[in-house]
>>> print(open('coords-v3.cif').read())   # mmCIF, C-alpha atoms and all ligand atoms
data_my_file
#
loop_
_atom_site.label_atom_id
_atom_site.label_comp_id
_atom_site.auth_asym_id
_atom_site.auth_seq_id
_atom_site.Cartn_x
_atom_site.Cartn_y
_atom_site.Cartn_z
CA MET A 1 -22.57 -21.40 34.30
CA ARG A 2 -21.42 -18.12 35.80
CA GLN A 3 -19.58 -18.33 39.09
CA PRO A 4 -20.70 -16.12 42.02
CA ARG A 5 -18.66 -12.91 42.18
CA PRO A 6 -16.19 -12.47 45.05
CA ALA A 7 -16.52 -9.38 47.25
CA ALA A 8 -13.33 -7.95 45.75
CA SER A 9 -10.68 -8.98 43.27
CA ARG A 10 -8.82 -12.11 44.36
CA GLY A 11 -5.45 -11.08 42.98
CA TYR A 12 -3.74 -11.87 39.71
CA ALA A 13 -4.27 -15.22 37.99
CA PRO A 14 -2.84 -14.47 34.54
CA LEU A 15 -2.96 -18.07 33.33
CA SER A 16 -6.57 -18.57 34.38
CA VAL A 17 -9.09 -19.49 31.70
CA SER A 18 -12.83 -20.12 31.74
CA ASP A 19 -15.75 -20.39 29.34
CA GLU A 20 -17.01 -17.04 30.61
CA GLN A 21 -13.66 -15.44 29.86
CA ASP A 22 -13.62 -17.01 26.39
CA ARG A 23 -17.01 -15.49 25.66
CA ALA A 24 -15.99 -12.07 26.96
CA LEU A 25 -12.78 -12.00 24.91
CA ASP A 26 -14.60 -13.17 21.79
CA ALA A 27 -17.26 -10.49 22.29
CA ALA A 28 -14.52 -7.89 22.74
CA PHE A 29 -12.73 -8.92 19.57
CA ALA A 30 -15.99 -8.87 17.65
CA ARG A 31 -16.30 -5.14 18.42
CA ALA A 32 -13.02 -4.27 16.70
CA ARG A 33 -13.52 -2.59 13.34
CA PRO A 34 -12.29 0.52 11.53
CA GLY A 35 -13.42 3.86 12.96
CA VAL A 36 -13.99 2.74 16.56
CA VAL A 37 -11.81 2.96 19.66
CA GLY A 38 -10.76 0.45 22.29
CA VAL A 39 -9.64 1.87 25.64
CA PHE A 40 -7.14 -0.06 27.73
CA ASP A 41 -5.86 0.56 31.23
CA LEU A 42 -2.24 -0.41 31.93
CA ASP A 43 -1.44 -1.29 35.57
CA GLY A 44 -3.24 -4.39 36.71
CA CYS A 45 -4.91 -4.65 33.31
CA LEU A 46 -2.61 -5.06 30.31
CA PHE A 47 0.40 -5.19 32.65
CA ASP A 48 1.15 -7.37 35.63
CA SER A 49 2.74 -4.89 38.03
CA ARG A 50 3.82 -7.45 40.61
CA PRO A 51 7.38 -7.78 39.22
CA ARG A 52 7.80 -4.03 39.74
CA ILE A 53 6.82 -4.33 43.40
CA ILE A 54 9.06 -7.33 44.00
CA HIS A 55 11.92 -5.53 42.27
CA LEU A 56 11.63 -2.46 44.45
CA LEU A 57 11.32 -4.49 47.65
CA ARG A 58 14.57 -6.28 46.70
CA GLU A 59 16.22 -2.95 45.96
CA LEU A 60 15.35 -1.95 49.51
CA ALA A 61 16.50 -5.31 50.88
CA GLY A 62 19.85 -4.79 49.22
CA ARG A 63 20.24 -1.17 50.30
CA GLU A 64 19.19 -1.61 53.90
CA GLY A 65 19.82 -5.27 54.64
CA PHE A 66 16.11 -6.03 55.14
CA LEU A 67 16.62 -9.57 53.90
CA GLU A 68 13.12 -10.72 54.90
CA LEU A 69 11.80 -8.74 51.93
CA TYR A 70 13.21 -11.47 49.70
CA ALA A 71 10.38 -13.68 50.96
CA VAL A 72 7.79 -11.66 49.01
CA ARG A 73 6.70 -13.44 45.85
CA ASP A 74 4.00 -12.99 43.23
CA GLU A 75 1.40 -14.99 45.10
CA HIS A 76 1.63 -12.73 48.18
CA LEU A 77 0.59 -9.64 46.21
CA LEU A 78 -3.21 -9.83 46.35
CA ASP A 79 -4.15 -6.22 47.07
CA TRP A 80 -2.69 -2.79 47.81
CA ASP A 81 -2.02 -3.54 51.49
CA LEU A 82 1.77 -3.71 51.77
CA GLY A 83 1.68 -4.73 55.44
CA ALA A 84 -0.64 -7.65 54.65
CA THR A 85 1.64 -8.60 51.76
CA LEU A 86 4.65 -8.80 54.10
CA ARG A 87 2.70 -10.93 56.56
CA ARG A 88 1.46 -13.25 53.79
CA ALA A 89 5.11 -13.74 52.87
CA GLY A 90 5.69 -15.22 56.32
CA ILE A 91 7.25 -12.16 57.95
CA SER A 92 6.11 -11.92 61.58
CA PRO A 93 3.49 -9.25 62.31
CA ALA A 94 5.93 -7.39 64.58
CA ARG A 95 8.73 -7.42 62.02
CA ALA A 96 6.31 -6.51 59.21
CA ALA A 97 5.11 -3.53 61.26
CA ALA A 98 8.71 -2.46 61.84
CA LEU A 99 9.60 -2.74 58.13
CA LEU A 100 6.42 -1.13 56.85
CA PRO A 101 7.28 2.60 57.14
CA GLU A 102 10.52 2.22 55.18
CA ALA A 103 8.92 -0.17 52.69
CA GLN A 104 6.06 2.27 52.11
CA ALA A 105 8.41 5.23 51.74
CA TRP A 106 10.53 3.31 49.22
CA PHE A 107 7.41 2.18 47.39
CA SER A 108 6.13 5.78 47.13
CA ARG A 109 9.49 6.98 45.85
CA ARG A 110 10.04 4.24 43.28
CA PHE A 111 6.77 2.68 42.14
CA PHE A 112 5.57 5.67 40.14
CA THR A 113 8.66 6.01 37.98
CA GLY A 114 8.87 5.11 34.32
CA GLU A 115 12.15 3.33 34.86
CA CYS A 116 10.69 1.06 37.54
CA ALA A 117 7.61 0.37 35.40
CA LEU A 118 9.87 -1.33 32.87
CA HIS A 119 9.89 -4.31 35.25
CA ASP A 120 6.20 -5.00 34.59
CA HIS A 121 5.23 -7.90 32.36
CA ALA A 122 2.36 -7.97 29.90
CA LEU A 123 -0.44 -10.26 30.97
CA PRO A 124 -0.13 -13.29 28.69
CA GLY A 125 -2.36 -12.96 25.64
CA ALA A 126 -2.86 -9.20 26.08
CA PRO A 127 -0.41 -8.01 23.38
CA GLN A 128 -1.80 -10.54 20.89
CA LEU A 129 -5.39 -9.48 21.57
CA VAL A 130 -4.65 -5.75 21.27
CA TRP A 131 -2.68 -6.34 18.08
CA ALA A 132 -5.51 -8.41 16.58
CA MET A 133 -7.97 -5.62 17.32
CA PHE A 134 -5.63 -2.97 15.98
CA ARG A 135 -5.11 -4.97 12.78
CA ALA A 136 -8.91 -5.15 12.45
CA GLY A 137 -8.83 -1.35 12.15
CA MET A 138 -9.72 -0.31 15.70
CA SER A 139 -7.88 2.66 17.22
CA VAL A 140 -6.15 1.87 20.50
CA VAL A 141 -6.07 4.31 23.42
CA TYR A 142 -4.04 3.41 26.49
CA LEU A 143 -5.74 5.32 29.30
CA THR A 144 -3.68 5.08 32.45
CA GLY A 145 -3.50 6.49 35.95
CA ARG A 146 0.26 6.90 35.47
CA HIS A 147 1.36 10.53 35.22
CA GLU A 148 3.26 12.29 32.44
CA GLU A 149 6.61 12.01 34.19
CA MET A 150 6.34 8.28 33.54
CA ARG A 151 5.77 8.73 29.80
CA ALA A 152 9.19 7.73 28.46
CA GLY A 153 9.34 4.56 30.56
CA THR A 154 5.73 3.72 29.77
CA GLU A 155 6.24 4.10 26.03
CA ALA A 156 9.32 1.90 26.22
CA ALA A 157 7.40 -0.65 28.31
CA LEU A 158 4.53 -0.81 25.78
CA LEU A 159 6.95 -1.46 22.94
CA ARG A 160 9.08 -3.93 24.90
CA ALA A 161 6.00 -5.89 25.95
CA GLY A 162 4.90 -6.11 22.32
CA PHE A 163 1.84 -3.84 22.25
CA PRO A 164 0.99 -1.75 19.20
CA PHE A 165 2.27 1.75 19.89
CA GLY A 166 4.00 4.66 18.18
CA ARG A 167 1.99 4.40 14.98
CA PRO A 168 -1.14 6.11 13.67
CA GLY A 169 -4.20 4.83 15.49
CA THR A 170 -2.51 4.47 18.88
CA ARG A 171 -2.52 6.98 21.76
CA LEU A 172 -1.28 7.05 25.33
CA LEU A 173 -3.26 9.33 27.68
CA MET A 174 -1.65 10.00 31.07
CA LYS A 175 -2.49 12.09 34.13
CA PRO A 176 -0.92 15.55 34.10
CA ASP A 177 0.52 14.96 37.57
CA MET A 178 0.57 12.29 40.24
CA GLN A 179 -1.86 14.14 42.52
CA THR A 180 -4.81 14.02 40.11
CA GLU A 181 -7.28 11.36 41.18
CA ASP A 182 -7.39 8.43 38.73
CA THR A 183 -11.13 8.09 38.13
CA ALA A 184 -11.66 11.86 37.87
CA PHE A 185 -8.84 11.98 35.30
CA LYS A 186 -10.32 9.14 33.29
CA GLY A 187 -13.71 10.83 33.27
CA GLU A 188 -12.12 14.01 31.88
CA ALA A 189 -9.98 12.09 29.41
CA LEU A 190 -13.03 10.42 27.87
CA ARG A 191 -13.62 13.66 25.96
CA GLU A 192 -10.25 13.25 24.31
CA VAL A 193 -10.96 9.59 23.60
CA GLU A 194 -14.25 10.56 21.95
CA LEU A 195 -12.37 12.88 19.58
CA VAL A 196 -10.51 9.83 18.24
CA GLY A 197 -13.77 7.99 17.58
CA PRO A 198 -16.63 6.25 19.38
CA PRO A 199 -15.28 4.07 22.19
CA VAL A 200 -16.76 0.58 21.92
CA LEU A 201 -14.55 -1.29 24.37
CA PHE A 202 -13.05 -0.62 27.78
CA PHE A 203 -10.75 -2.80 29.87
CA ASP A 204 -9.88 -1.74 33.44
CA ASN A 205 -9.18 -3.38 36.81
CA GLU A 206 -10.58 -0.58 39.00
CA PRO A 207 -14.28 -1.00 39.86
CA ALA A 208 -14.99 2.75 39.95
CA ASN A 209 -13.47 3.12 36.50
CA VAL A 210 -15.48 0.37 34.83
CA ASN A 211 -18.64 1.81 36.40
CA LEU A 212 -17.75 5.25 35.05
CA PHE A 213 -17.21 3.86 31.55
CA ALA A 214 -20.47 1.88 31.64
CA GLU A 215 -22.35 5.00 32.70
CA ARG A 216 -20.81 7.27 30.09
CA HIS A 217 -20.92 4.73 27.26
CA PRO A 218 -23.78 2.32 27.89
CA ASP A 219 -23.48 0.81 24.41
CA ALA A 220 -19.79 -0.05 24.82
CA LEU A 221 -18.56 -3.39 26.09
CA VAL A 222 -16.84 -2.78 29.42
CA LEU A 223 -14.73 -5.59 30.86
CA PHE A 224 -13.56 -5.76 34.46
CA VAL A 225 -10.11 -7.29 34.74
CA GLU A 226 -9.90 -9.09 38.08
CA THR A 227 -6.35 -8.63 39.36
CA ASP A 228 -5.97 -6.22 42.25
CA HIS A 229 -7.45 -2.79 42.84
CA SER A 230 -7.58 0.13 45.26
CA PRO A 231 -9.26 -0.27 48.66
CA ARG A 232 -12.17 1.92 47.54
CA PRO A 233 -15.47 0.15 48.32
CA ASP A 234 -16.86 0.30 44.76
CA ARG A 235 -17.86 -2.92 43.05
CA PRO A 236 -18.36 -3.40 39.33
CA ARG A 237 -21.99 -2.91 38.35
CA PRO A 238 -23.97 -6.09 37.75
CA GLY A 239 -23.81 -7.03 34.09
CA ILE A 240 -20.18 -6.04 33.61
CA PRO A 241 -18.27 -9.19 32.61
CA TRP A 242 -15.20 -10.13 34.67
CA ILE A 243 -12.04 -11.65 33.23
CA ARG A 244 -8.91 -12.80 35.05
CA GLY A 245 -6.61 -12.48 32.07
CA PHE A 246 -6.38 -12.54 28.30
CA LEU A 247 -5.90 -16.23 27.55
CA ARG A 248 -8.58 -18.35 25.95
CA SER A 249 -9.11 -21.99 26.95
CA THR A 250 -7.58 -23.16 23.70
CA GLU A 251 -4.41 -21.16 24.32
CA ARG A 252 -3.35 -22.51 27.69
CA PRO A 253 -1.17 -25.60 27.52
CA GLU A 254 -2.32 -28.45 29.75
CA ALA A 255 1.01 -28.29 31.55
CA LEU A 256 0.00 -24.87 32.85
CA ALA A 257 -3.10 -26.15 34.63
CA LEU A 258 -2.25 -24.12 37.70
CA ARG A 259 -4.73 -22.35 39.94
CA VAL A 260 -7.74 -20.85 38.24
MG MG B 301 -5.26 -0.31 36.56
#
>>> encode(input="coords-v3.cif", output="structure tokens")
Amino acid sequence: MRQPRPAASRGYAPLSVSDEQDRALDAAFARARPGVVGVFDLDGCLFDSRPRIIHLLRELAGREGFLELYAVRDEHLLDWDLGATLRRAGISPARAAALLPEAQAWFSRRFFTGECALHDHALPGAPQLVWAMFRAGMSVVYLTGRHEEMRAGTEAALLRAGFPFGRPGTRLLMKPDMQTEDTAFKGEALREVELVGPPVLFFDNEPANVNLFAERHPDALVLFVETDHSPRPDRPRPGIPWIRGFLRSTERPEALALRV
């Protein structure tokens, strides 16, 4: 039976599996065939971006001697609130407030670089699923809120993580610049996607984006990937399936029965 939806994404749980997720992934794979397009977001969708954040916080710890930043681990990164993340890591509210301006400045300077994005990991099961769909003949469009300056690092990250890329039938669409708003860009970019072929599948972790895709392509299967997302108040429309990752029940070893 379907679980009640939380008010917002609960954070990454890449090893989570459920019957509902199995059904959604099977339905997605069933859409893959020659002549159609699958559209995949990157950050918080195909990629787990938490290692990038932890990396840059440790860069700052090393540069400035802010050793408390070493306390931040994957499980503290639940949303885009860096101050809350520091407090969840056990840093006192006063110290977190004192560290926050420098941490935010470092984050802004480093997070949106292709080089730093190479620290991201693929969500387990994602490369295998995208490859299986690509082998079934579906074209693959990576539609990301990253901007063109990040292209070289993003292309390298896709290949390193094991996604199909750099061959006919794959495209990477990026924002022209960092200032362009993500959802507005994705709305514009859909025209370019449609030139490749009819989009039948969308995966994204931003509620406003999945709602946009569902509105523009009501016949497509749109999946909401529950990881983290922006503080915007949007919620995925009712009827849009949620997944927490790309693993099916049969693929998760019993030894990995962690939190779900
Ligand atoms: Mg995303």
>>> atom_distance(input="coords-v3.cif", atom1="atom CA of A:Ala117", atom2="atom CA of A:Pro51")
9.0 Å
>>> residues_near_ligand(input="coords-v3.cif", ligand="ligand MG 301 (chain B)", cutoff="8 Å", atoms="all atoms listed in the file", output="number ranges by chain")
A: 41-45, 144-145, 204-206, 229
>>> closest_residue(input="coords-v3.cif", among="A:Pro101, A:Pro4, A:Arg33, A:Glu75", to="A:Ala89", atoms="all atoms listed in the file")
A:Glu75
>>> residues_around(input="coords-v3.cif", residues="A:Ala122", least_positions_apart="5", cutoff="8 Å", atoms="only C-alpha atoms", output="PyMOL selection string")
chain A and resi 46-48+127+161
>>> closest_residue(input="coords-v3.cif", among="A:Leu201, A:Tyr142, A:Pro207, A:Thr227", to="A:Ala24", atoms="all atoms listed in the file")
A:Leu201
>>> atom_distance(input="coords-v3.cif", atom1="atom CA of A:Met138", atom2="atom CA of A:Pro218")
18.8 Å
>>> residues_around(input="coords-v3.cif", residues="A:Arg171", least_positions_apart="4", cutoff="9 Å", atoms="all atoms listed in the file", output="list in words")
Ser139, Val140, Val141, Tyr142, Leu143, Phe165, Gly166 and Arg167 of chain A
>>> closest_residue(input="coords-v3.cif", among="A:Glu59, A:Leu195, A:Val37, A:Pro14", to="A:Phe107", atoms="all atoms listed in the file")
A:Glu59
>>> closest_atom_pairs(input="coords-v3.cif", of="stretch 186-236 of chain A", to="stretch 172-182 of chain A", cutoff="9 Å", atoms="all atoms listed in the file", output="CSV")
residue,atom,partner,partner_atom,distance
A:Lys186,CA,A:Asp182,CA,6.2
A:Gly187,CA,A:Asp182,CA,8.7
A:Ala189,CA,A:Leu173,CA,7.5
A:Glu192,CA,A:Leu173,CA,8.7
A:Val193,CA,A:Leu173,CA,8.7
A:Asn209,CA,A:Asp182,CA,8.4
>>> closest_residue(input="coords-v3.cif", among="A:Arg88, A:Ala28, A:Gly125, A:Asn211", to="A:Thr250", atoms="all atoms listed in the file")
A:Gly125
>>> residues_around(input="coords-v3.cif", residues="A:Ile240", least_positions_apart="5", cutoff="7 Å", atoms="only C-alpha atoms", output="MDAnalysis selection string")
chainID A and resid 222:224
>>> atom_distance(input="coords-v3.cif", atom1="atom CA of A:Gly83", atom2="atom CA of A:Glu102")
11.2 Å
>>> closest_residue(input="coords-v3.cif", among="A:Leu190, A:Ala103, A:Leu129, A:Leu158", to="A:Leu60", atoms="only C-alpha atoms")
A:Ala103
>>> closest_residue(input="coords-v3.cif", among="A:Pro93, A:Arg110, A:Gly169, A:Arg151", to="A:Pro34", atoms="only C-alpha atoms")
A:Gly169
>>> residues_near_point(input="coords-v3.cif", point="(6.8, -11.4, 48.8)", cutoff="10 Å", atoms="only C-alpha atoms", output="PyMOL selection string")
chain A and resi 50+53-54+57-58+68-77+82+85-91
>>> residues_around(input="coords-v3.cif", residues="stretch 243-247 of chain A", least_positions_apart="3", cutoff="7 Å", atoms="only C-alpha atoms", output="ChimeraX atom specification")
/A:13-17,21,123-126,224-227,251-252
>>> residues_around(input="coords-v3.cif", residues="A:Trp131", least_positions_apart="3", cutoff="8 Å", atoms="all atoms listed in the file", output="list in words")
Pro127, Gln128, Phe134, Arg135, Phe163 and Pro164 of chain A
>>> write_last_selection(input="coords-v3.cif", atoms="C-alpha atoms", output="mmCIF file, keeping the file's coordinate frame")
data_model
loop_
_atom_site.group_PDB
_atom_site.id
_atom_site.type_symbol
_atom_site.label_atom_id
_atom_site.label_comp_id
_atom_site.auth_asym_id
_atom_site.auth_seq_id
_atom_site.Cartn_x
_atom_site.Cartn_y
_atom_site.Cartn_z
ATOM 1 C CA PRO A 127 -0.410 -8.010 23.380
ATOM 2 C CA GLN A 128 -1.800 -10.540 20.890
ATOM 3 C CA PHE A 134 -5.630 -2.970 15.980
ATOM 4 C CA ARG A 135 -5.110 -4.970 12.780
ATOM 5 C CA PHE A 163 1.840 -3.840 22.250
ATOM 6 C CA PRO A 164 0.990 -1.750 19.200
#
>>> axis_aligned_box(input="coords-v3.cif", around="stretch 124-137 of chain A", padding_each_side="5 Å", output="JSON")
{"center_x": -4.5, "center_y": -7.3, "center_z": 20.4, "size_x": 18.8, "size_y": 21.9, "size_z": 26.5}
